[in-house]
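Below is work14.cif, which holds mmCIF, C-alpha atoms.
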data_entry
#
loop_
_atom_site.label_atom_id
_atom_site.label_comp_id
_atom_site.auth_asym_id
_atom_site.auth_seq_id
_atom_site.Cartn_x
_atom_site.Cartn_y
_atom_site.Cartn_z
CA MET A 1 35.87 135.75 239.94
CA LYS A 2 37.24 137.04 243.23
CA LEU A 3 36.83 135.01 246.36
CA MET A 4 33.57 135.96 248.06
CA TYR A 5 33.56 136.89 251.70
CA LEU A 6 30.65 137.55 254.03
CA LEU A 7 30.18 141.26 254.72
CA ALA A 8 29.90 142.03 258.39
CA THR A 9 29.95 144.95 260.78
CA SER A 10 33.28 146.04 262.13
CA ALA A 11 32.38 144.66 265.55
CA VAL A 12 31.69 141.20 264.13
CA VAL A 13 34.87 141.34 262.09
CA LEU A 14 36.87 142.08 265.23
CA VAL A 15 35.26 139.13 266.99
CA MET A 16 36.04 136.88 264.04
CA MET A 17 39.65 138.08 263.94
CA ALA A 18 40.04 137.41 267.64
CA SER A 19 38.54 133.96 267.21
CA CYS A 20 40.85 133.20 264.27
CA THR A 21 43.81 134.27 266.35
CA ARG A 22 42.89 131.71 268.98
CA GLN A 23 41.76 128.93 266.61
CA SER A 24 43.26 129.65 263.19
CA VAL A 25 42.64 127.20 260.38
CA THR A 26 46.11 125.92 259.55
CA GLY A 27 45.20 123.39 256.91
CA TYR A 28 42.61 121.02 255.56
CA THR A 29 41.19 117.78 256.86
CA LEU A 30 39.36 115.72 254.26
CA THR A 31 37.42 112.89 255.87
CA ALA A 32 35.90 110.28 253.56
CA ALA A 33 33.55 107.35 254.02
CA ILE A 34 32.92 105.70 250.67
CA ASP A 35 31.34 102.28 250.26
CA GLY A 36 32.65 100.15 247.42
CA ILE A 37 36.37 100.83 247.67
CA PRO A 38 38.08 97.77 249.22
CA ASP A 39 40.06 98.13 252.43
CA GLY A 40 43.77 98.40 251.75
CA SER A 41 43.25 100.37 248.54
CA HIS A 42 45.52 103.36 248.04
CA VAL A 43 43.55 106.55 247.46
CA GLN A 44 45.31 109.57 245.98
CA LEU A 45 44.70 113.24 245.23
CA PHE A 46 46.14 114.29 241.86
CA PRO A 47 46.43 117.96 240.85
CA VAL A 48 44.38 118.85 237.78
CA SER A 49 46.82 119.70 235.00
CA HIS A 50 47.97 118.62 231.56
CA GLY A 51 51.28 117.36 232.91
CA HIS A 52 52.31 114.16 234.61
CA GLU A 53 51.81 115.34 238.16
CA LYS A 54 52.60 113.33 241.26
CA PRO A 55 49.85 112.97 243.88
CA VAL A 56 49.71 115.71 246.51
CA ALA A 57 48.38 113.20 249.03
CA ASP A 58 48.19 109.43 249.39
CA THR A 59 46.48 107.31 252.02
CA THR A 60 44.98 103.87 252.59
CA VAL A 61 41.36 102.83 253.03
CA VAL A 62 40.63 101.31 256.46
CA ASP A 63 37.13 100.09 257.35
CA GLY A 64 35.78 101.92 254.31
CA LYS A 65 37.20 105.25 255.47
CA PHE A 66 40.24 107.40 254.84
CA ILE A 67 41.56 110.84 255.80
CA PHE A 68 43.76 113.39 254.07
CA LYS A 69 45.43 116.18 256.04
CA GLY A 70 47.61 118.97 254.77
CA VAL A 71 47.89 122.67 254.01
CA ALA A 72 46.61 124.30 250.83
CA ASP A 73 48.62 127.45 250.11
CA GLU A 74 45.93 128.31 247.57
CA PRO A 75 42.75 126.59 246.33
CA LEU A 76 43.89 123.54 244.38
CA ALA A 77 41.80 121.56 241.90
CA VAL A 78 42.41 117.84 242.38
CA ARG A 79 40.97 114.50 241.36
CA LEU A 80 40.37 111.82 243.94
CA MET A 81 41.44 108.49 242.46
CA VAL A 82 42.12 104.92 243.52
CA LYS A 83 45.65 103.85 242.62
CA ASP A 84 45.93 101.57 239.58
CA ALA A 85 42.25 102.06 238.75
CA TYR A 86 40.18 104.18 236.40
CA GLY A 87 37.62 106.76 237.44
CA SER A 88 37.91 109.90 239.55
CA MET A 89 35.92 112.67 241.19
CA PRO A 90 36.76 116.40 241.12
CA LEU A 91 37.48 118.37 244.28
CA MET A 92 38.76 121.81 245.20
CA LEU A 93 41.24 121.38 248.01
CA GLU A 94 40.85 124.31 250.42
CA ASN A 95 41.77 124.73 254.06
CA GLY A 96 39.04 123.67 256.47
CA SER A 97 37.03 120.54 257.18
CA ILE A 98 35.80 118.69 254.09
CA SER A 99 33.56 115.64 254.18
CA VAL A 100 33.21 113.12 251.34
CA GLU A 101 30.50 110.46 251.62
CA GLY A 102 28.59 108.01 249.46
CA LYS A 103 29.23 104.87 247.49
CA VAL A 104 30.93 103.90 244.26
CA THR A 105 30.03 101.28 241.71
CA SER A 106 32.70 99.51 239.72
CA GLU A 107 33.27 97.38 236.64
CA ASN A 108 36.20 95.55 235.13
CA LEU A 109 37.65 97.13 231.99
CA ASN A 110 40.23 94.86 230.39
CA GLY A 111 41.60 93.81 233.75
CA THR A 112 41.48 97.23 235.39
CA VAL A 113 38.80 98.35 237.85
CA ASN A 114 36.80 101.40 236.78
CA TYR A 115 35.09 103.30 239.62
CA ASN A 116 32.01 105.48 239.18
CA PHE A 117 31.84 108.29 241.76
CA SER A 118 28.48 109.74 240.68
CA GLN A 119 26.85 108.77 244.02
CA VAL A 120 29.54 110.42 246.14
CA SER A 121 28.90 113.91 247.57
CA VAL A 122 31.09 116.59 249.15
CA THR A 123 30.19 118.95 251.99
CA GLY A 124 32.19 121.71 253.65
CA SER A 125 33.82 122.92 250.43
CA PRO A 126 32.00 125.79 248.66
CA LEU A 127 34.73 125.88 246.02
CA THR A 128 34.11 122.23 245.19
CA ASP A 129 30.40 123.01 244.80
CA LYS A 130 31.25 125.70 242.27
CA TYR A 131 33.81 123.55 240.46
CA VAL A 132 31.37 120.66 240.06
CA LYS A 133 28.66 123.05 238.85
CA LEU A 134 30.94 124.53 236.19
CA LEU A 135 32.05 121.08 235.05
CA SER A 136 28.41 119.98 234.73
CA THR A 137 28.29 122.07 231.54
CA ARG A 138 29.72 118.96 229.88
CA ASP A 139 26.69 116.85 230.74
CA ALA A 140 24.55 118.06 227.83
CA LEU A 141 27.52 117.69 225.48
CA ASP A 142 28.16 114.16 226.70
CA SER A 143 24.53 113.32 225.94
CA ILE A 144 24.90 114.56 222.35
CA TYR A 145 28.13 112.61 221.97
CA VAL A 146 26.54 109.37 223.18
CA THR A 147 23.52 109.89 220.89
CA ASN A 148 25.74 110.46 217.85
CA ASN A 149 27.86 107.42 218.63
CA GLU A 150 24.78 105.23 218.89
CA LYS A 151 23.22 106.65 215.72
CA PHE A 152 26.32 106.20 213.57
CA LYS A 153 27.96 103.21 215.26
CA ASP A 154 27.48 100.86 212.29
CA ILE A 155 29.03 103.11 209.65
CA ARG A 156 31.87 104.06 211.98
CA ALA A 157 32.53 100.41 212.74
CA ALA A 158 32.63 99.68 209.02
CA TYR A 159 35.18 102.43 208.47
CA GLY A 160 37.24 101.31 211.45
CA LYS A 161 37.32 97.74 210.18
CA ALA A 162 38.47 98.90 206.74
CA ARG A 163 41.14 101.10 208.32
CA VAL A 164 42.53 98.27 210.45
CA ALA A 165 42.62 96.08 207.35
CA LYS A 166 44.33 98.94 205.48
CA ASP A 167 41.83 98.43 202.67
CA LYS A 168 41.86 101.82 200.94
CA ILE A 169 39.26 100.84 198.36
CA LEU A 170 36.84 99.77 201.08
CA MET A 171 37.61 102.89 203.11
CA ASP A 172 36.83 105.10 200.11
CA SER A 173 33.57 103.27 199.47
CA VAL A 174 32.49 103.76 203.09
CA VAL A 175 33.38 107.46 202.98
CA ALA A 176 31.22 107.86 199.86
CA THR A 177 28.05 106.65 201.60
CA GLU A 178 25.34 109.05 202.78
CA ALA A 179 25.55 107.57 206.27
CA TYR A 180 29.24 108.42 206.58
CA LYS A 181 28.65 111.94 205.25
CA ALA A 182 25.87 112.44 207.80
CA SER A 183 28.23 111.19 210.50
CA ALA A 184 30.87 113.72 209.42
CA VAL A 185 28.34 116.57 209.51
CA ALA A 186 27.16 115.50 212.97
CA ASP A 187 30.75 115.46 214.21
CA SER A 188 31.41 118.91 212.78
CA LEU A 189 28.32 120.36 214.44
CA PHE A 190 29.13 118.66 217.73
CA PHE A 191 32.67 120.01 217.95
CA ALA A 192 31.49 123.49 216.96
CA THR A 193 28.99 123.31 219.83
CA VAL A 194 31.69 122.14 222.22
CA ASP A 195 33.96 125.00 221.19
CA ALA A 196 31.22 127.63 221.60
CA THR A 197 30.08 126.22 224.96
CA TYR A 198 33.58 126.03 226.40
CA TYR A 199 34.48 129.49 225.12
CA LYS A 200 31.46 131.06 226.83
CA LEU A 201 32.24 129.26 230.08
CA VAL A 202 35.84 130.51 230.06
CA MET A 203 34.87 134.07 229.13
CA ASP A 204 32.22 134.15 231.87
CA ASN A 205 35.03 133.42 234.33
CA LYS A 206 37.92 135.24 232.66
CA ASP A 207 38.59 137.61 235.58
CA SER A 208 39.84 134.96 238.03
CA TYR A 209 41.64 131.62 238.16
CA TRP A 210 38.35 129.89 237.31
CA GLY A 211 38.72 130.87 233.65
CA PRO A 212 42.07 129.18 233.01
CA LEU A 213 41.13 126.33 235.36
CA MET A 214 38.18 125.57 233.08
CA MET A 215 40.52 125.49 230.09
CA ILE A 216 42.74 122.98 231.88
CA SER A 217 39.79 120.92 233.14
CA LEU A 218 37.68 120.77 229.99
CA PHE A 219 40.34 120.25 227.34
CA SER A 220 42.52 117.15 227.12
CA TYR A 221 45.26 119.41 225.81
CA LEU A 222 45.63 123.00 224.63
CA THR A 223 47.29 124.33 221.50
CA GLU A 224 47.99 127.72 219.94
CA GLU A 225 44.38 127.68 218.72
CA GLN A 226 43.32 128.61 222.25
CA LYS A 227 45.79 131.51 222.54
CA PRO A 228 43.05 134.12 221.87
CA TRP A 229 41.20 132.66 224.85
CA TYR A 230 44.28 133.15 227.00
CA ASP A 231 44.79 136.69 225.68
CA ALA A 232 41.23 137.57 226.78
CA LEU A 233 41.90 136.58 230.41
CA SER A 234 42.43 139.26 233.05
CA GLU A 235 45.93 139.87 234.38
CA GLU A 236 44.86 138.29 237.67
CA ALA A 237 43.76 135.15 235.83
CA LYS A 238 46.93 135.04 233.72
CA HIS A 239 49.15 135.20 236.81
CA SER A 240 47.24 132.49 238.65
CA ARG A 241 48.51 128.92 238.94
CA TYR A 242 46.21 127.84 236.12
CA GLY A 243 46.86 130.90 233.98
CA LYS A 244 50.55 130.02 233.98
CA MET A 245 49.71 126.43 233.01
CA VAL A 246 47.61 127.62 230.08
CA LYS A 247 50.37 129.95 228.88
CA GLU A 248 52.86 127.08 228.83
CA SER A 249 50.59 125.24 226.39
CA VAL A 250 49.26 128.01 224.14
CA ALA A 251 52.35 130.23 224.07
CA PRO A 252 55.30 128.10 225.18
CA ASP A 253 58.82 129.44 225.13
CA SER A 254 60.54 127.99 222.07
CA GLN A 255 63.24 125.41 222.77
CA ILE A 256 64.61 125.49 219.24
CA GLY A 257 68.37 125.83 219.36
CA SER A 258 68.57 124.30 222.83
CA LYS A 259 70.07 120.93 223.62
CA VAL A 260 67.46 118.43 224.79
CA PRO A 261 67.95 116.31 227.94
CA VAL A 262 69.65 112.95 227.46
CA PHE A 263 67.47 110.08 228.65
CA THR A 264 67.79 106.35 229.19
CA ALA A 265 64.95 104.04 228.21
CA LYS A 266 64.40 100.31 228.41
CA SER A 267 63.57 98.40 225.26
CA GLN A 268 61.01 95.60 225.11
CA ASP A 269 63.76 93.06 225.76
CA GLY A 270 64.85 94.93 228.90
CA LYS A 271 68.03 96.51 227.53
CA SER A 272 68.89 100.10 228.47
CA VAL A 273 69.24 102.50 225.54
CA THR A 274 70.29 106.16 225.74
CA LEU A 275 69.32 109.03 223.47
CA THR A 276 72.98 109.21 222.48
CA ASP A 277 72.78 105.60 221.28
CA LEU A 278 69.67 106.37 219.26
CA CYS A 279 71.31 109.36 217.59
CA GLN A 280 74.38 107.35 216.61
CA GLY A 281 74.88 107.49 212.85
CA LYS A 282 71.74 109.59 212.30
CA LYS A 283 71.34 113.14 211.02
CA TYR A 284 67.96 113.93 212.55
CA VAL A 285 65.83 112.17 215.15
CA LEU A 286 62.13 112.72 215.82
CA ILE A 287 61.23 112.10 219.48
CA ASP A 288 57.54 111.21 219.45
CA PHE A 289 55.55 111.12 222.71
CA TRP A 290 52.26 109.30 222.21
CA ALA A 291 49.77 106.87 223.78
CA SER A 292 47.63 103.99 222.56
CA TRP A 293 44.42 105.79 223.62
CA CYS A 294 45.35 109.05 221.85
CA ASN A 295 43.36 109.30 218.60
CA PRO A 296 45.41 112.21 217.16
CA CYS A 297 48.56 110.16 217.85
CA ARG A 298 47.21 107.13 216.01
CA LYS A 299 45.99 109.27 213.10
CA GLU A 300 49.49 110.71 212.68
CA ILE A 301 51.13 107.28 212.37
CA PRO A 302 50.48 106.81 208.61
CA ASN A 303 52.23 110.13 207.98
CA LEU A 304 55.17 109.08 210.17
CA LYS A 305 55.45 105.78 208.31
CA LYS A 306 55.50 107.60 204.99
CA LEU A 307 58.21 110.03 206.13
CA TYR A 308 60.24 107.23 207.71
CA THR A 309 60.19 105.31 204.43
CA GLN A 310 61.28 108.42 202.54
CA TYR A 311 64.12 109.52 204.79
CA ALA A 312 65.32 106.56 206.90
CA ASP A 313 68.14 105.67 204.52
CA ARG A 314 69.24 109.31 204.52
CA GLY A 315 69.79 109.48 208.26
CA PHE A 316 66.30 110.01 209.69
CA GLN A 317 65.22 108.17 212.83
CA ILE A 318 61.98 108.14 214.81
CA VAL A 319 61.92 107.29 218.51
CA SER A 320 58.42 106.75 219.90
CA ILE A 321 57.89 106.96 223.66
CA SER A 322 54.51 105.85 224.97
CA ILE A 323 53.04 107.33 228.16
CA ASP A 324 50.60 104.42 228.51
CA LYS A 325 50.11 103.29 232.09
CA LYS A 326 49.43 99.69 231.07
CA GLU A 327 52.15 97.81 229.19
CA ALA A 328 49.56 95.47 227.66
CA GLU A 329 47.74 98.39 226.02
CA TRP A 330 51.02 99.67 224.61
CA THR A 331 52.11 96.30 223.19
CA LYS A 332 48.64 95.78 221.70
CA ALA A 333 48.90 99.12 219.89
CA LEU A 334 52.38 98.24 218.63
CA LYS A 335 51.06 95.02 217.10
CA GLU A 336 48.20 96.89 215.45
CA GLU A 337 50.36 99.70 214.06
CA GLN A 338 53.45 97.64 213.13
CA LEU A 339 55.90 100.47 213.81
CA GLN A 340 59.32 99.93 212.26
CA TRP A 341 61.37 102.28 214.46
CA PRO A 342 62.49 102.10 218.13
CA ASN A 343 59.63 102.15 220.64
CA PHE A 344 59.74 102.53 224.40
CA LEU A 345 57.28 102.60 227.27
CA ASP A 346 57.98 105.56 229.54
CA THR A 347 58.76 103.89 232.86
CA GLU A 348 61.63 106.27 233.64
CA GLY A 349 59.77 109.61 233.72
CA ILE A 350 61.08 110.78 230.34
CA ALA A 351 57.89 112.74 229.62
CA ASP A 352 58.39 114.62 232.90
CA ILE A 353 61.98 115.46 231.98
CA TYR A 354 60.77 116.84 228.65
CA LYS A 355 57.83 118.64 230.34
CA VAL A 356 55.32 116.96 228.06
CA LYS A 357 51.89 118.51 228.67
CA PHE A 358 49.90 116.54 226.11
CA VAL A 359 50.19 113.92 223.42
CA PRO A 360 51.07 113.86 220.64
CA THR A 361 54.18 115.93 221.41
CA MET A 362 57.09 115.76 218.99
CA TYR A 363 60.61 117.15 219.07
CA LEU A 364 62.94 117.06 216.06
CA ILE A 365 66.63 117.11 216.99
CA ASP A 366 69.93 116.88 215.14
CA ALA A 367 72.70 114.35 215.77
CA GLN A 368 74.11 116.51 218.58
CA GLY A 369 70.76 116.60 220.40
CA VAL A 370 69.96 120.20 219.48
CA MET A 371 66.28 120.89 218.82
CA VAL A 372 65.53 122.02 215.28
CA GLY A 373 61.74 121.66 215.34
CA GLU A 374 58.96 121.21 217.89
CA ASN A 375 55.42 119.86 217.64
CA LEU A 376 55.57 119.48 213.89
CA ARG A 377 52.95 117.15 212.47
CA GLY A 378 51.40 116.33 209.13
CA GLU A 379 52.37 118.67 206.31
CA ALA A 380 54.46 120.88 208.62
CA LEU A 381 56.70 117.93 209.54
CA ALA A 382 56.96 116.83 205.91
CA ASN A 383 57.99 120.35 204.87
CA LYS A 384 60.60 120.59 207.61
CA LEU A 385 62.20 117.27 206.65
CA ALA A 386 62.19 118.29 202.99
CA GLU A 387 63.99 121.48 204.01
CA LEU A 388 66.59 119.57 206.05
CA PHE A 389 67.20 116.66 203.69
CA GLY A 390 66.28 118.24 200.38
CA GLU A 391 63.33 117.28 198.22
CA ILE A 392 62.99 113.61 197.32
CA GLU A 393 63.97 113.15 193.73
#
Turn this file's structure into structure tokens for me.
Amino acid sequence: MKLMYLLATSAVVLVMMASCTRQSVTGYTLTAAIDGIPDGSHVQLFPVSHGHEKPVADTTVVDGKFIFKGVADEPLAVRLMVKDAYGSMPLMLENGSISVEGKVTSENLNGTVNYNFSQVSVTGSPLTDKYVKLLSTRDALDSIYVTNNEKFKDIRAAYGKARVAKDKILMDSVVATEAYKASAVADSLFFATVDATYYKLVMDNKDSYWGPLMMISLFSYLTEEQKPWYDALSEEAKHSRYGKMVKESVAPDSQIGSKVPVFTAKSQDGKSVTLTDLCQGKKYVLIDFWASWCNPCRKEIPNLKKLYTQYADRGFQIVSISIDKKEAEWTKALKEEQLQWPNFLDTEGIADIYKVKFVPTMYLIDAQGVMVGENLRGEALANKLAELFGEIE
């Protein structure tokens, strides 16, 4: 959707142009007064993306207020966040005067403050109004999700308990129940509804940057499954900031045959280890970017364990790099999963070096650090290893 401008007579336009010449808007000033955020807190504006972006602005709360000033070369979707805390609010950063007012509530989640910005409002930013309205499409979906979770919480808890205990017999018995089957049907219907709703929203806005921005904003990560969505975007949308982001995820340039960057990571005991060290004496190494909160990552672990058992003594190594922000959450997941291969917490920006857009992301390399496979999971990874090592006798 093209930016809308007020139509005016030529005389008015000339007056406006003359006025702009005298008092041109050279940037943005975002003034905020939010109750509930302690003085001294660092407040940041993070660009909306699937990468590990650095904040575009950072300031400190003084007397319950803070100000951001800068220049937006183009409208930029951001999230206002408090440093080292959960919770955020969406904004479209555009040149002009923007006012943010209201109050936040907060709660403690495992030692980290979680802020709720639902009572905070924005004025002076028409683009923010539109962005928030488009994002509100999720509200009805969130309601369905909460209802399903409440309805099937007992059977899902039973399955989760059996899974943690690695009790396959108990897991199978839970799966065989009518309650679990109903839960599976509800999940299937829910995700079909999500897909249809998001698709319509993107297609309704496919002629401008709003279309790809919705793809970035609504999905935790994008895959080749969304490539038809990208293909349906207008050329203007494809060449926008967000169109380029979407393309990187749904149709990335293959890195197979290229040498991957060498990195240095710190082990749990504080020792520095390089990728070269990890490749020493190995034929193939799988670099696995994951996180404790990533369900697809956790679901892939049993497959990784199976493949590691099959090929470890033949020169296969797995190196898992967690993008968790909290070390405690990472170590807790390690204890739960009992991973047998090298594990590192990404405190050195390794994910940025590898341009990781989402997790799980996996790169299979040879002993020289040359990529031979990318984002292989499940059966695809098993088939690739069988091809490289030969079938297990």
I'd like the residues picked by the PyMOL selection byres ((chain A and resi 59-65) around 9) written out as a PyMOL selection string, using the chain letters and numbers from the file. chain A and resi 31-44+57-58+66-68
Atomic distance CA of Val71 (chain A) - CA of Pro55 (chain A), expressed in Å with one decimal: 14.2 Å
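The set of residues that the PyMOL selection byres ((chain A and resi 314-326) around 7) takes from this file is Lys282, Lys283, Tyr284, Val285, Leu286, Ile287, Asp288, Phe289, Trp290, Ala291, Ser292, Tyr308, Tyr311, Ala312, Asp313, Glu327, Ala328, Glu329, Trp330, Trp341, Pro342, Asn343, Phe344, Leu345 and Asp346 of chain A.
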Could you tell me how far CA of Pro252 (chain A) sits from CA of Ala351 (chain A), in Å to one decimal place? 16.2 Å
To verify the selection step, state as a ChimeraX atom specification which residues the PyMOL selection byres ((chain A and resi 228-232) around 9) yields on this input. /A:199,202-203,206,211-212,215,224-227,233-234,238,243,246-247,250
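Ranking A:Gln368, A:Ala179, A:Glu94, A:Tyr86 by their shortest atom-to-atom distance to Asn110 (chain A), with all atoms listed in the file included, puts A:Tyr86 first.
Residues lying within 6 Å of (77.0, 111.6, 215.8). Counted over only C-alpha atoms, they are Gln280, Gly281 and Ala367 of chain A.
Between Ile155 (chain A) and the residues A:Glu178, A:Glu107, A:Asp142, A:Asp204, the shortest atom-to-atom distance, using only C-alpha atoms, involves A:Glu178.
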Excluding Met89 (chain A) and residues on its chain fewer than 2 positions from it, collect all residues at most 7 Å away from it, counting only C-alpha atoms, and give them as a PyMOL selection string. chain A and resi 79-80+91+117
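Separating CA of Arg377 (chain A) from CA of Lys259 (chain A) is a distance of 20.8 Å.
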Which of these, A:Glu337, A:Asp167, A:Asp129, A:Asp154, has the shortest distance to Tyr180 (chain A) once you count all atoms listed in the file? A:Asp154
Anything within 6 Å of (56.5, 104.0, 211.3): list those residues as a PyMOL selection string, counting only C-alpha atoms and sticking to the file's coordinates. chain A and resi 304-305+339-340
For region 216-225 of chain A, what centre and edge lengths in Å (one decimal) does the axis-aligned box get once 6 Å is added on each side of all its listed atoms, as AutoDock Vina command-line options?
--center_x 42.8 --center_y 122.4 --center_z 225.9 --size_x 22.3 --size_y 22.6 --size_z 26.4
Given only C-alpha atoms as the basis, pick out the residue of A:Asp352, A:Asp73, A:Glu53, A:Glu300 nearest to Asn375 (chain A). A:Glu300
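Across A:Leu30, A:Leu201, A:Leu134, A:Ala265, the tightest approach to Ile98 (chain A) is made by A:Leu30 when counting all atoms listed in the file.
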Residues at most 9 Å from Met214 (chain A), counting only C-alpha atoms, excluding those fewer than 3 positions away in the same chain, as a ChimeraX atom specification? /A:131,134-135,198,201-202,205,209-211,217-219,242
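Nearest to Glu336 (chain A) of all the residues A:Arg163, A:Lys271, A:Lys200, A:Lys181 is A:Arg163, counting all atoms listed in the file.
Counting all atoms listed in the file, Gly373 (chain A) has the following residues at most 9 Å away, ignoring those fewer than 3 positions along the same chain: A:Gln255, A:Ile256, A:Gly257, A:Leu286, A:Met362, A:Tyr363, A:Leu364, A:Ile365, A:Leu376, A:Leu381, A:Lys384.
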